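Structure data (mmCIF, C-alpha atoms and all ligand atoms) from my_file_33.cif:
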```cif
data_input
#
loop_
_atom_site.label_atom_id
_atom_site.label_comp_id
_atom_site.auth_asym_id
_atom_site.auth_seq_id
_atom_site.Cartn_x
_atom_site.Cartn_y
_atom_site.Cartn_z
CA MET A 1 -7.57 -14.47 30.92
CA THR A 2 -6.41 -12.15 33.70
CA LEU A 3 -3.01 -10.76 34.72
CA LEU A 4 -0.43 -13.45 35.49
CA SER A 5 1.50 -12.33 38.53
CA SER A 6 5.31 -12.02 38.33
CA TRP A 7 8.06 -11.27 40.85
CA VAL A 8 9.80 -8.88 38.42
CA PRO A 9 9.56 -5.11 39.18
CA GLY A 10 6.92 -3.32 37.13
CA ALA A 11 5.44 -6.49 35.63
CA ASN A 12 2.15 -6.44 37.57
CA SER A 13 1.13 -2.90 36.69
CA ALA A 14 -2.13 -2.66 34.71
CA ASP A 15 -0.54 -0.31 32.20
CA THR A 16 2.83 -1.96 31.55
CA ASP A 17 3.21 -3.19 27.97
CA PHE A 18 5.14 -6.20 29.27
CA PRO A 19 3.34 -8.26 31.93
CA LEU A 20 4.07 -11.98 32.33
CA ASN A 21 1.22 -12.64 29.86
CA ASN A 22 3.25 -10.97 27.10
CA LEU A 23 6.95 -12.03 27.10
CA PRO A 24 7.97 -10.39 23.80
CA TYR A 25 11.33 -11.09 22.17
CA GLY A 26 13.92 -8.46 21.30
CA VAL A 27 17.66 -7.80 20.99
CA PHE A 28 19.43 -5.37 23.32
CA SER A 29 22.86 -4.12 24.36
CA THR A 30 24.11 -2.03 27.28
CA GLY A 31 27.33 -0.18 28.08
CA THR A 32 28.83 -3.50 29.18
CA LEU A 33 26.88 -6.18 27.28
CA ASP A 34 27.17 -6.81 23.53
CA ALA A 35 23.93 -7.10 21.53
CA ARG A 36 22.02 -10.24 22.54
CA CYS A 37 18.53 -11.72 22.67
CA GLY A 38 16.34 -10.60 25.54
CA VAL A 39 12.78 -10.98 26.80
CA ALA A 40 10.89 -7.92 28.08
CA ILE A 41 9.23 -8.33 31.47
CA GLY A 42 7.95 -5.31 33.41
CA ASP A 43 10.73 -2.71 33.62
CA MET A 44 13.43 -5.31 32.92
CA ILE A 45 14.94 -7.43 30.14
CA LEU A 46 15.96 -11.03 30.72
CA ASP A 47 19.38 -11.73 29.16
CA MET A 48 18.74 -14.88 27.09
CA TYR A 49 22.39 -15.35 26.13
CA ALA A 50 23.36 -15.56 29.81
CA ALA A 51 20.31 -17.67 30.70
CA GLU A 52 21.27 -20.25 28.08
CA GLU A 53 24.97 -20.15 28.94
CA GLN A 54 24.13 -20.87 32.58
CA GLY A 55 21.82 -23.74 31.62
CA ILE A 56 18.69 -22.02 32.94
CA ILE A 57 17.26 -22.15 29.41
CA ASP A 58 18.07 -25.44 27.67
CA LEU A 59 15.84 -26.15 24.68
CA ALA A 60 18.01 -27.76 22.01
CA ASP A 61 21.27 -29.64 21.50
CA GLU A 62 22.87 -26.58 19.95
CA PRO A 63 22.77 -23.05 21.43
CA LEU A 64 19.87 -20.90 20.20
CA PHE A 65 20.93 -17.58 21.68
CA GLU A 66 24.56 -17.23 20.61
CA LEU A 67 23.61 -14.76 17.89
CA PRO A 68 21.77 -11.48 18.46
CA PHE A 69 18.70 -12.51 16.43
CA TRP A 70 15.62 -14.65 17.13
CA ASN A 71 15.88 -16.57 13.83
CA GLU A 72 17.61 -19.58 15.45
CA LEU A 73 14.76 -20.00 17.90
CA MET A 74 12.17 -19.58 15.14
CA GLU A 75 13.94 -22.32 13.10
CA GLN A 76 13.17 -24.81 15.89
CA GLY A 77 9.44 -24.73 15.17
CA PRO A 78 6.26 -24.38 17.23
CA ALA A 79 6.95 -27.12 19.81
CA VAL A 80 10.11 -25.32 20.93
CA TRP A 81 8.36 -21.91 20.75
CA THR A 82 5.82 -23.28 23.25
CA ALA A 83 8.49 -24.91 25.42
CA LEU A 84 10.33 -21.59 25.68
CA ARG A 85 7.20 -19.66 26.59
CA ASN A 86 6.33 -22.25 29.26
CA ARG A 87 9.84 -22.19 30.70
CA LEU A 88 9.93 -18.37 30.82
CA THR A 89 6.52 -18.30 32.49
CA ASP A 90 7.75 -20.77 35.15
CA LEU A 91 10.93 -18.78 35.80
CA LEU A 92 9.26 -15.37 36.05
CA THR A 93 6.03 -16.23 37.87
CA GLU A 94 5.36 -15.02 41.42
CA GLY A 95 7.01 -17.39 43.88
CA ALA A 96 9.18 -19.12 41.23
CA ARG A 97 11.67 -21.58 42.72
CA ASP A 98 14.50 -20.30 40.50
CA GLN A 99 14.00 -16.57 41.18
CA GLY A 100 17.45 -16.35 42.80
CA LEU A 101 19.11 -17.75 39.65
CA VAL A 102 17.22 -15.50 37.27
CA GLU A 103 17.37 -12.22 39.19
CA PRO A 104 21.06 -11.48 38.34
CA LEU A 105 20.25 -11.94 34.62
CA LEU A 106 17.74 -9.07 34.52
CA VAL A 107 18.87 -5.77 33.01
CA PRO A 108 16.91 -2.53 33.59
CA MET A 109 15.20 -1.64 30.31
CA ILE A 110 16.16 1.99 30.88
CA ASP A 111 19.86 1.06 30.48
CA ALA A 112 19.35 -0.90 27.24
CA THR A 113 19.65 0.02 23.58
CA LEU A 114 17.29 -2.00 21.39
CA HIS A 115 18.31 -3.46 18.02
CA MET A 116 16.69 -5.33 15.14
CA PRO A 117 15.12 -8.42 16.76
CA LEU A 118 15.56 -10.66 13.70
CA VAL A 119 17.31 -11.00 10.38
CA VAL A 120 14.55 -10.09 7.93
CA SER A 121 14.76 -12.64 5.11
CA GLU A 122 12.45 -10.84 2.72
CA PHE A 123 9.82 -8.15 3.03
CA THR A 124 6.43 -8.18 1.33
CA ASP A 125 3.91 -5.42 1.79
CA PHE A 126 0.16 -5.80 1.31
CA TYR A 127 -2.73 -3.41 0.74
CA ALA A 128 -5.38 -5.17 2.77
CA GLY A 129 -7.19 -2.43 4.68
CA ARG A 130 -10.52 -1.70 3.04
CA HIS A 131 -10.95 1.80 4.50
CA HIS A 132 -7.43 2.76 3.37
CA ALA A 133 -7.83 1.28 -0.11
CA THR A 134 -11.23 2.93 -0.48
CA ASN A 135 -9.91 6.33 0.66
CA VAL A 136 -6.89 6.20 -1.65
CA GLY A 137 -8.94 4.83 -4.54
CA THR A 138 -11.57 7.55 -4.10
CA MET A 139 -8.88 10.23 -4.22
CA PHE A 140 -7.24 8.85 -7.36
CA ARG A 141 -10.07 7.20 -9.31
CA GLY A 142 -13.30 8.53 -7.81
CA PRO A 143 -15.79 6.83 -5.47
CA GLU A 144 -17.28 4.51 -8.13
CA ASN A 145 -13.96 2.83 -8.94
CA ALA A 146 -12.32 3.18 -5.53
CA LEU A 147 -11.54 -0.52 -5.09
CA PRO A 148 -9.81 -2.28 -8.00
CA PRO A 149 -11.85 -5.26 -9.28
CA ASN A 150 -9.44 -7.82 -7.76
CA TRP A 151 -9.39 -6.21 -4.31
CA LEU A 152 -12.28 -8.12 -2.72
CA HIS A 153 -10.89 -11.46 -3.98
CA ILE A 154 -7.15 -11.41 -3.19
CA PRO A 155 -4.96 -9.54 -0.73
CA ILE A 156 -2.96 -7.37 -3.14
CA GLY A 157 0.75 -7.05 -2.36
CA TYR A 158 4.19 -6.31 -3.80
CA ASN A 159 7.65 -7.59 -3.02
CA GLY A 160 9.57 -5.01 -0.99
CA ARG A 161 13.17 -4.95 0.21
CA ALA A 162 14.44 -6.59 3.39
CA SER A 163 17.51 -4.34 3.19
CA SER A 164 15.44 -1.24 3.91
CA VAL A 165 13.79 -2.56 7.09
CA VAL A 166 15.15 -0.74 10.16
CA VAL A 167 14.45 -0.84 13.88
CA SER A 168 12.52 1.81 15.76
CA GLY A 169 14.68 4.81 16.67
CA THR A 170 16.53 4.85 13.34
CA ASP A 171 16.49 8.31 11.71
CA ILE A 172 14.94 8.44 8.24
CA ARG A 173 16.43 10.67 5.53
CA ARG A 174 13.98 12.39 3.20
CA PRO A 175 14.66 10.85 -0.21
CA TRP A 176 15.23 12.41 -3.60
CA GLY A 177 13.40 10.98 -6.55
CA GLN A 178 11.88 11.58 -9.93
CA LEU A 179 8.78 13.74 -9.55
CA LYS A 180 6.34 14.72 -12.25
CA SER A 181 4.14 17.69 -11.53
CA PRO A 182 0.91 17.90 -13.57
CA ASP A 183 1.98 21.47 -14.47
CA HIS A 184 5.11 20.28 -16.28
CA ASP A 185 5.61 18.08 -19.34
CA THR A 186 8.74 16.42 -18.04
CA PRO A 187 9.82 15.06 -14.63
CA ALA A 188 12.46 16.62 -12.35
CA PHE A 189 14.85 15.04 -9.83
CA LEU A 190 14.05 16.64 -6.46
CA PRO A 191 13.61 15.85 -2.75
CA SER A 192 10.22 14.28 -2.08
CA ARG A 193 7.64 16.88 -1.01
CA ARG A 194 4.92 14.43 -0.03
CA PHE A 195 6.68 12.11 2.40
CA ASP A 196 4.28 10.11 4.53
CA LEU A 197 3.83 7.33 7.05
CA GLU A 198 1.77 4.16 6.84
CA LEU A 199 0.51 2.62 10.09
CA GLU A 200 0.75 -1.15 9.69
CA MET A 201 1.29 -4.38 11.57
CA GLY A 202 4.09 -6.72 10.47
CA ALA A 203 3.70 -10.49 10.68
CA ILE A 204 6.88 -12.57 11.03
CA VAL A 205 7.00 -15.96 9.35
CA GLY A 206 8.56 -18.54 11.67
CA MET A 207 8.25 -21.72 9.57
CA ALA A 208 9.55 -22.20 6.05
CA SER A 209 7.34 -23.60 3.28
CA ASP A 210 7.92 -24.64 -0.32
CA GLY A 211 4.62 -24.78 -2.15
CA PRO A 212 1.04 -23.71 -1.54
CA ILE A 213 -0.05 -23.74 2.10
CA THR A 214 -3.55 -23.48 3.55
CA VAL A 215 -4.81 -20.60 5.67
CA ASP A 216 -4.57 -22.84 8.76
CA GLU A 217 -0.99 -23.84 7.89
CA ALA A 218 -0.16 -20.18 7.31
CA ASP A 219 -1.59 -19.19 10.69
CA ALA A 220 0.50 -21.92 12.34
CA ALA A 221 3.62 -20.67 10.53
CA ILE A 222 3.38 -17.12 11.89
CA PHE A 223 5.73 -16.56 14.83
CA GLY A 224 4.64 -13.11 15.98
CA TYR A 225 3.83 -9.52 15.19
CA VAL A 226 5.47 -6.08 15.31
CA LEU A 227 4.31 -2.52 14.65
CA LEU A 228 5.42 -1.33 11.23
CA ASN A 229 5.74 2.14 9.68
CA ASP A 230 6.04 1.90 5.91
CA TRP A 231 7.51 5.33 5.06
CA SER A 232 6.14 6.38 1.67
CA ALA A 233 7.03 9.11 -0.83
CA ARG A 234 3.63 9.81 -2.40
CA ASP A 235 4.97 12.06 -5.16
CA ILE A 236 7.63 9.54 -6.25
CA GLN A 237 4.95 6.83 -6.18
CA ALA A 238 2.45 8.83 -8.24
CA TRP A 239 4.93 9.03 -11.17
CA GLU A 240 6.55 5.61 -10.97
CA TYR A 241 3.78 3.20 -9.97
CA GLN A 242 2.13 2.35 -13.29
CA PRO A 243 2.08 -0.42 -14.36
CA LEU A 244 4.23 -2.41 -11.91
CA GLY A 245 3.38 -0.81 -8.56
CA PRO A 246 5.48 1.06 -6.00
CA PHE A 247 9.28 0.88 -6.24
CA GLN A 248 11.51 3.74 -4.99
CA ALA A 249 8.56 5.37 -3.19
CA LYS A 250 8.67 2.56 -0.64
CA ALA A 251 12.37 1.76 -0.65
CA THR A 252 13.77 4.48 1.63
CA ALA A 253 12.92 2.72 4.88
CA THR A 254 10.36 0.65 6.73
CA SER A 255 10.57 0.87 10.54
CA ILE A 256 9.54 -1.95 12.88
CA SER A 257 9.05 -1.96 16.66
CA PRO A 258 11.85 -3.73 18.57
CA TRP A 259 9.75 -6.36 20.41
CA ILE A 260 8.26 -9.37 18.61
CA VAL A 261 4.94 -10.07 20.34
CA THR A 262 4.23 -13.76 19.92
CA LYS A 263 1.09 -15.26 18.47
CA ALA A 264 0.67 -17.11 21.78
CA ALA A 265 0.57 -13.85 23.76
CA LEU A 266 -2.06 -12.45 21.39
CA ALA A 267 -4.26 -15.59 21.40
CA PRO A 268 -6.91 -14.17 23.80
CA PHE A 269 -7.42 -11.25 21.42
CA ARG A 270 -8.22 -13.12 18.22
CA THR A 271 -11.12 -11.70 16.25
CA SER A 272 -12.75 -12.35 12.91
CA THR A 273 -12.34 -10.47 9.65
CA PRO A 274 -15.26 -8.17 8.68
CA ASP A 275 -18.30 -9.34 6.70
CA ARG A 276 -17.49 -10.00 3.05
CA GLU A 277 -19.30 -8.77 -0.03
CA PHE A 278 -18.09 -11.76 -2.05
CA ALA A 279 -17.21 -15.15 -0.64
CA LEU A 280 -13.48 -15.78 -0.96
CA LEU A 281 -12.31 -18.75 -3.03
CA ASP A 282 -11.80 -21.86 -0.93
CA HIS A 283 -8.02 -21.54 -0.58
CA LEU A 284 -8.39 -18.12 1.08
CA LYS A 285 -11.56 -18.71 3.13
CA ASP A 286 -11.52 -17.79 6.81
CA THR A 287 -11.25 -20.91 8.96
CA GLY A 288 -11.39 -19.14 12.33
CA PRO A 289 -10.63 -15.80 13.96
CA MET A 290 -7.18 -14.81 12.65
CA LEU A 291 -7.18 -11.05 13.08
CA TYR A 292 -6.43 -9.47 16.46
CA ASP A 293 -8.07 -6.74 18.51
CA ILE A 294 -5.08 -4.40 18.86
CA ASN A 295 -5.51 -0.67 19.62
CA LEU A 296 -3.15 1.39 17.50
CA SER A 297 -2.13 5.04 17.59
CA VAL A 298 0.22 7.46 15.85
CA THR A 299 1.66 10.66 17.30
CA LEU A 300 3.51 13.38 15.41
CA ALA A 301 5.96 15.68 17.25
CA PRO A 302 7.47 18.62 15.33
CA ASP A 303 11.20 19.13 16.01
CA GLY A 304 11.64 19.86 19.74
CA LYS A 305 7.91 20.24 20.35
CA GLU A 306 5.06 18.38 21.97
CA ALA A 307 3.45 15.42 20.21
CA THR A 308 -0.13 15.30 18.89
CA THR A 309 -2.06 12.07 18.41
CA ILE A 310 -2.96 12.17 14.72
CA ALA A 311 -4.60 8.73 14.33
CA GLN A 312 -6.16 6.01 16.47
CA THR A 313 -7.47 2.79 14.98
CA ASN A 314 -7.49 -0.98 15.46
CA TYR A 315 -5.91 -3.91 13.65
CA ARG A 316 -9.32 -5.67 13.56
CA GLU A 317 -10.32 -3.24 10.76
CA MET A 318 -8.29 -5.23 8.20
CA TYR A 319 -10.15 -7.10 5.45
CA TYR A 320 -7.57 -9.91 5.25
CA SER A 321 -5.61 -11.56 8.07
CA SER A 322 -1.86 -12.15 7.89
CA ALA A 323 -2.63 -15.86 7.58
CA GLN A 324 -4.68 -15.18 4.45
CA GLN A 325 -1.88 -12.98 3.09
CA LEU A 326 0.72 -15.67 3.73
CA ALA A 327 -1.51 -18.37 2.20
CA HIS A 328 -2.02 -16.18 -0.89
CA HIS A 329 1.73 -15.47 -1.07
CA SER A 330 2.42 -19.21 -1.35
CA THR A 331 -0.24 -20.10 -3.97
CA SER A 332 2.17 -19.88 -6.93
CA GLY A 333 4.65 -22.14 -5.17
CA CYS A 334 6.65 -19.20 -3.84
CA PRO A 335 8.95 -20.54 -1.10
CA MET A 336 8.57 -18.71 2.19
CA ASN A 337 11.43 -18.45 4.66
CA VAL A 338 11.93 -18.12 8.38
CA GLY A 339 12.27 -14.38 9.03
CA ASP A 340 10.03 -13.23 6.17
CA LEU A 341 8.20 -10.05 7.12
CA LEU A 342 4.68 -9.36 5.83
CA GLY A 343 3.31 -5.82 6.12
CA SER A 344 -0.45 -5.77 6.65
CA GLY A 345 -1.09 -2.70 4.54
CA THR A 346 -2.12 0.64 6.00
CA ILE A 347 -4.66 0.28 8.79
CA SER A 348 -7.43 2.87 8.73
CA GLY A 349 -10.84 2.81 10.38
CA PRO A 350 -14.13 4.13 9.04
CA THR A 351 -13.88 7.66 10.48
CA LYS A 352 -11.42 10.50 9.84
CA PRO A 353 -9.41 10.27 13.13
CA GLU A 354 -8.86 6.57 12.36
CA ARG A 355 -6.87 7.13 9.14
CA GLY A 356 -3.40 5.58 9.23
CA SER A 357 -1.62 7.91 6.76
CA LEU A 358 -1.29 11.64 6.18
CA LEU A 359 -2.38 11.06 2.58
CA GLU A 360 -5.79 10.12 3.96
CA LEU A 361 -5.80 12.47 6.99
CA SER A 362 -5.10 15.52 4.79
CA TRP A 363 -7.10 14.07 1.85
CA GLY A 364 -4.26 14.23 -0.61
CA GLY A 365 -2.95 17.50 0.87
CA LYS A 366 -6.21 19.40 0.34
CA ASP A 367 -7.32 19.44 3.98
CA PRO A 368 -4.37 20.05 6.37
CA ILE A 369 -4.56 18.70 9.90
CA THR A 370 -3.87 21.01 12.85
CA LEU A 371 -1.43 19.90 15.52
CA TYR A 372 -1.53 20.66 19.23
CA THR A 373 1.17 23.29 18.67
CA GLY A 374 -1.09 25.17 16.23
CA GLU A 375 1.03 24.13 13.24
CA THR A 376 -0.62 22.36 10.33
CA ARG A 377 0.50 19.35 8.27
CA THR A 378 -0.40 17.91 4.92
CA PHE A 379 2.68 15.68 4.69
CA LEU A 380 5.74 15.31 6.96
CA GLU A 381 8.11 18.22 7.63
CA ASP A 382 11.83 17.86 8.33
CA GLY A 383 12.42 17.13 12.02
CA ASP A 384 9.02 15.50 12.59
CA THR A 385 9.10 12.47 14.87
CA LEU A 386 6.45 9.82 14.40
CA THR A 387 5.64 7.30 17.11
CA LEU A 388 3.42 4.29 16.54
CA ALA A 389 2.09 2.47 19.61
CA GLY A 390 -0.14 -0.56 20.02
CA HIS A 391 -1.60 -2.84 22.65
CA ALA A 392 -4.30 -5.44 23.12
CA GLN A 393 -6.39 -4.62 26.20
CA GLY A 394 -7.06 -7.51 28.58
CA ASP A 395 -8.89 -7.56 31.89
CA GLY A 396 -6.50 -5.58 34.14
CA TYR A 397 -3.49 -6.06 31.86
CA ARG A 398 -2.33 -5.27 28.35
CA ILE A 399 -0.24 -6.99 25.73
CA GLY A 400 1.84 -4.07 24.47
CA PHE A 401 4.17 -3.66 21.53
CA GLY A 402 6.18 -0.75 22.94
CA THR A 403 6.66 1.94 20.32
CA CYS A 404 7.96 2.31 16.77
CA THR A 405 9.53 5.74 16.32
CA GLY A 406 11.48 7.55 13.65
CA THR A 407 12.55 11.13 12.97
CA LEU A 408 12.57 12.54 9.47
CA LEU A 409 15.86 14.25 8.60
CA ALA A 410 16.14 16.91 5.89
CA ALA A 411 17.07 15.68 2.41
CA LEU A 412 20.75 15.89 1.55
CA GLU A 413 21.65 18.99 -0.44
CA ASP A 414 23.18 16.83 -3.14
CA PRO A 415 22.55 13.07 -2.82
CA TYR A 416 25.38 12.27 -5.30
CA LYS A 417 28.06 14.31 -3.54
CA ARG A 418 30.71 11.91 -2.16
CA CA A 501 2.47 -0.07 2.89
#
```
Take the structure in the file and write it out as structure tokens.
Amino acid sequence: MTLLSSWVPGANSADTDFPLNNLPYGVFSTGTLDARCGVAIGDMILDMYAAEEQGIIDLADEPLFELPFWNELMEQGPAVWTALRNRLTDLLTEGARDQGLVEPLLVPMIDATLHMPLVVSEFTDFYAGRHHATNVGTMFRGPENALPPNWLHIPIGYNGRASSVVVSGTDIRRPWGQLKSPDHDTPAFLPSRRFDLELEMGAIVGMASDGPITVDEADAAIFGYVLLNDWSARDIQAWEYQPLGPFQAKATATSISPWIVTKAALAPFRTSTPDREFALLDHLKDTGPMLYDINLSVTLAPDGKEATTIAQTNYREMYYSSAQQLAHHSTSGCPMNVGDLLGSGTISGPTKPERGSLLELSWGGKDPITLYTGETRTFLEDGDTLTLAGHAQGDGYRIGFGTCTGTLLAALEDPYKR
């Protein structure tokens, strides 16, 4: 696959995140346009509400782009997903017959505010990165018992909260919570002191199911992917997590990038899961390459200062694919809905600069990292801005995700003051 040439400004640059090969789906507004669905192409966004209203996009009997979410399109199923991608490719390709019709519907990305691209039905977060699980397990249980006994057999997860999922650019408030220091007999209610990020990918379920589905069916049901930062209060988690797992530690916020990159756009970058120590049971066995080769990075910028890249890794490091996670999620009969969001789990690689959380980078706070500014970090400080970025690298083009940013605001002085 090479770069597909487009007539849209900026779309043929080797380093744009949004060439014609990509066509990711988001929701935007401008000073004059209400929030609506849009497709990123080069430096522009195609207004899907206007395109449908003018009959340039006509995929179903009822309108699909009246509401500022992509759920209606997802509900139509894979045949319509493909029809839309084909139609957009025709309209935006170099020399397209309808260029004159489409040109007035393009909005400069620089003028747009981006919003949540979908209504998140439910949010489930997994723990499927072996390097991350091994690092965390080594810190808490020692190297012999780093991985729990179930870890190599099922993708471990917990049910999170859709209500706490926010779009990139949303400020995050440092939470208060119950903390228990080893030096004290009783817990105290305080602002979190060990607030962290987790570099993850989010998979978006585009087809509903009601009963167990196979790994192949799960792969077919996934609509696309986003970058995901699962903000985590390590000190709240350490006290609350036994025996039911994380609760308030993960409930402050989870940020996602504003563009849904479709499974179709990522198809040339499929790759296999790593070698396995134990064969998976049949219902979770790999049936083909279902991970993706996606370069990922995290930068940290202290308030008003220059950013430092603190981690660089790749999605292909995961032990389980999103398809395996979705298949596992359905085994009990759990119904899955259009708009369900599945977090991959923190993505870390085998070496230190590839660790996708400060917990791992600073080894539980014992080994601070040094930023470009000369400051050090164990966990996040007030005013820090984190930016996740990701792209799959093709031959002369990239399939980019844009960025997923968030700034940490100081804790409230009194969270119960009205
Ligand atoms: Ca997580």
Contacts between region 343-360 of chain A and region 293-334 of chain A, please, where a residue of region 293-334 of chain A counts if it comes within 7 Å (with all atoms listed in the file); show its shortest atom pair and distance in Å to one decimal, rows by chain and ascending number, as a tab-separated table.
```
residue	atom	partner	partner_atom	distance
A:Ile310	CA	A:Pro353	CA	6.9
A:Ala311	CA	A:Glu354	CA	5.2
A:Gln312	CA	A:Glu354	CA	4.9
A:Thr313	CA	A:Glu354	CA	4.8
A:Tyr315	CA	A:Ile347	CA	6.5
A:Glu317	CA	A:Gly349	CA	6.1
A:Met318	CA	A:Ile347	CA	6.6
A:Ser322	CA	A:Ser344	CA	6.7
```
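Going from CA of Gly95 (chain A) to CA of Val8 (chain A) covers 10.5 Å.
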Requested in this report: Rank A:Tyr320, A:Tyr158, A:Phe269, A:Trp81 by their smallest atom-to-atom distance to Gly206 (chain A), using all atoms listed in the file, and report the top residue only.
Outcome: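 Using all atoms listed in the file, the shortest distance to Gly206 (chain A) belongs to A:Trp81.
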Requested in this report: Show me which residues sit within 9 Å of ligand CA 501 (chain A) when counting all atoms listed in the file, and put them as a list of chain:residue names.
Outcome: A:Asp125, A:Phe126, A:Tyr127, A:Gly157, A:Leu197, A:Glu198, A:Leu199, A:Glu200, A:Leu228, A:Asn229, A:Asp230, A:Trp231, A:Ser232, A:Lys250, A:Thr254, A:Gly343, A:Ser344, A:Gly345, A:Thr346
Query raised in the report: What is the CA of Arg97 (chain A)-CA of Ala60 (chain A) distance in Å, reported with one decimal?
Result: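 These atoms are spaced 22.5 Å apart.
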Requested in this report: Can you work out which one of A:Asp293, A:Glu381, A:Asp58, A:Asp210 has the shortest atom-to-atom distance to Gly333 (chain A), counting all atoms listed in the file?
Outcome: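 The answer is A:Asp210, which sits nearest to Gly333 (chain A).
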Can you tell me which residues surround Ile399 (chain A) at a distance of at most 7 Å, considering only C-alpha atoms, apart from same-chain residues fewer than 3 positions away, and format the answer as a short mmCIF file (atom, residue, chain, number, x, y, z; two decimals) with C-alpha atoms, in the coordinates of the input?
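Below you can see part.cif, which holds the result:
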```cif
data_model
loop_
_atom_site.label_atom_id
_atom_site.label_comp_id
_atom_site.auth_asym_id
_atom_site.auth_seq_id
_atom_site.Cartn_x
_atom_site.Cartn_y
_atom_site.Cartn_z
CA ASP A 17 3.21 -3.19 27.97
CA PHE A 18 5.14 -6.20 29.27
CA ASN A 22 3.25 -10.97 27.10
CA HIS A 391 -1.60 -2.84 22.65
CA ALA A 392 -4.30 -5.44 23.12
CA GLN A 393 -6.39 -4.62 26.20
#
```
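When all atoms listed in the file are used to measure the gap to Val338 (chain A), the shortest distance among A:Phe189, A:Phe123, A:Trp259, A:Tyr416 belongs to A:Phe123.
Interatomic distance, CA of Pro191 (chain A) against CA of Thr407 (chain A): 16.4 Å.
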Report task. Have a look at A:Gly365, A:Pro148, A:Pro155, A:Pro258 and name the one nearest to Arg194 (chain A); count only C-alpha atoms. Result ->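 Using only C-alpha atoms, Arg194 (chain A) sits closest to A:Gly365.
Near Thr299 (chain A), within 9 Å and counting only C-alpha atoms, sit Ala307, Thr308, Thr309, Ile310, Ala311, Thr385, Leu386, Thr387, Leu388 and Ala389 of chain A, not including residues fewer than 6 positions from it in the same chain.
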Requested in this report: Please identify all polymer residues within 12 Å of region 183-186 of chain A, counting only C-alpha atoms, omitting same-chain residues fewer than 4 positions from it, and present them as JSON, numbers by chain.
Outcome: {"A": [178, 179, 239]}
List as a short mmCIF file (atom, residue, chain, number, x, y, z; two decimals) with C-alpha atoms, in the frame of the given file the protein and nucleic acid residues near Gly224 (chain A), meaning an atom at most 10 Å away when all atoms listed in the file are counted, but skip any in the same chain fewer than 5 places from it.
```cif
data_model
loop_
_atom_site.label_atom_id
_atom_site.label_comp_id
_atom_site.auth_asym_id
_atom_site.auth_seq_id
_atom_site.Cartn_x
_atom_site.Cartn_y
_atom_site.Cartn_z
CA PRO A 24 7.97 -10.39 23.80
CA TYR A 25 11.33 -11.09 22.17
CA MET A 74 12.17 -19.58 15.14
CA GLY A 202 4.09 -6.72 10.47
CA ALA A 203 3.70 -10.49 10.68
CA ILE A 204 6.88 -12.57 11.03
CA VAL A 205 7.00 -15.96 9.35
CA GLY A 206 8.56 -18.54 11.67
CA TRP A 259 9.75 -6.36 20.41
CA ILE A 260 8.26 -9.37 18.61
CA VAL A 261 4.94 -10.07 20.34
CA THR A 262 4.23 -13.76 19.92
CA LYS A 263 1.09 -15.26 18.47
CA ALA A 264 0.67 -17.11 21.78
CA ALA A 265 0.57 -13.85 23.76
CA LEU A 266 -2.06 -12.45 21.39
#
```
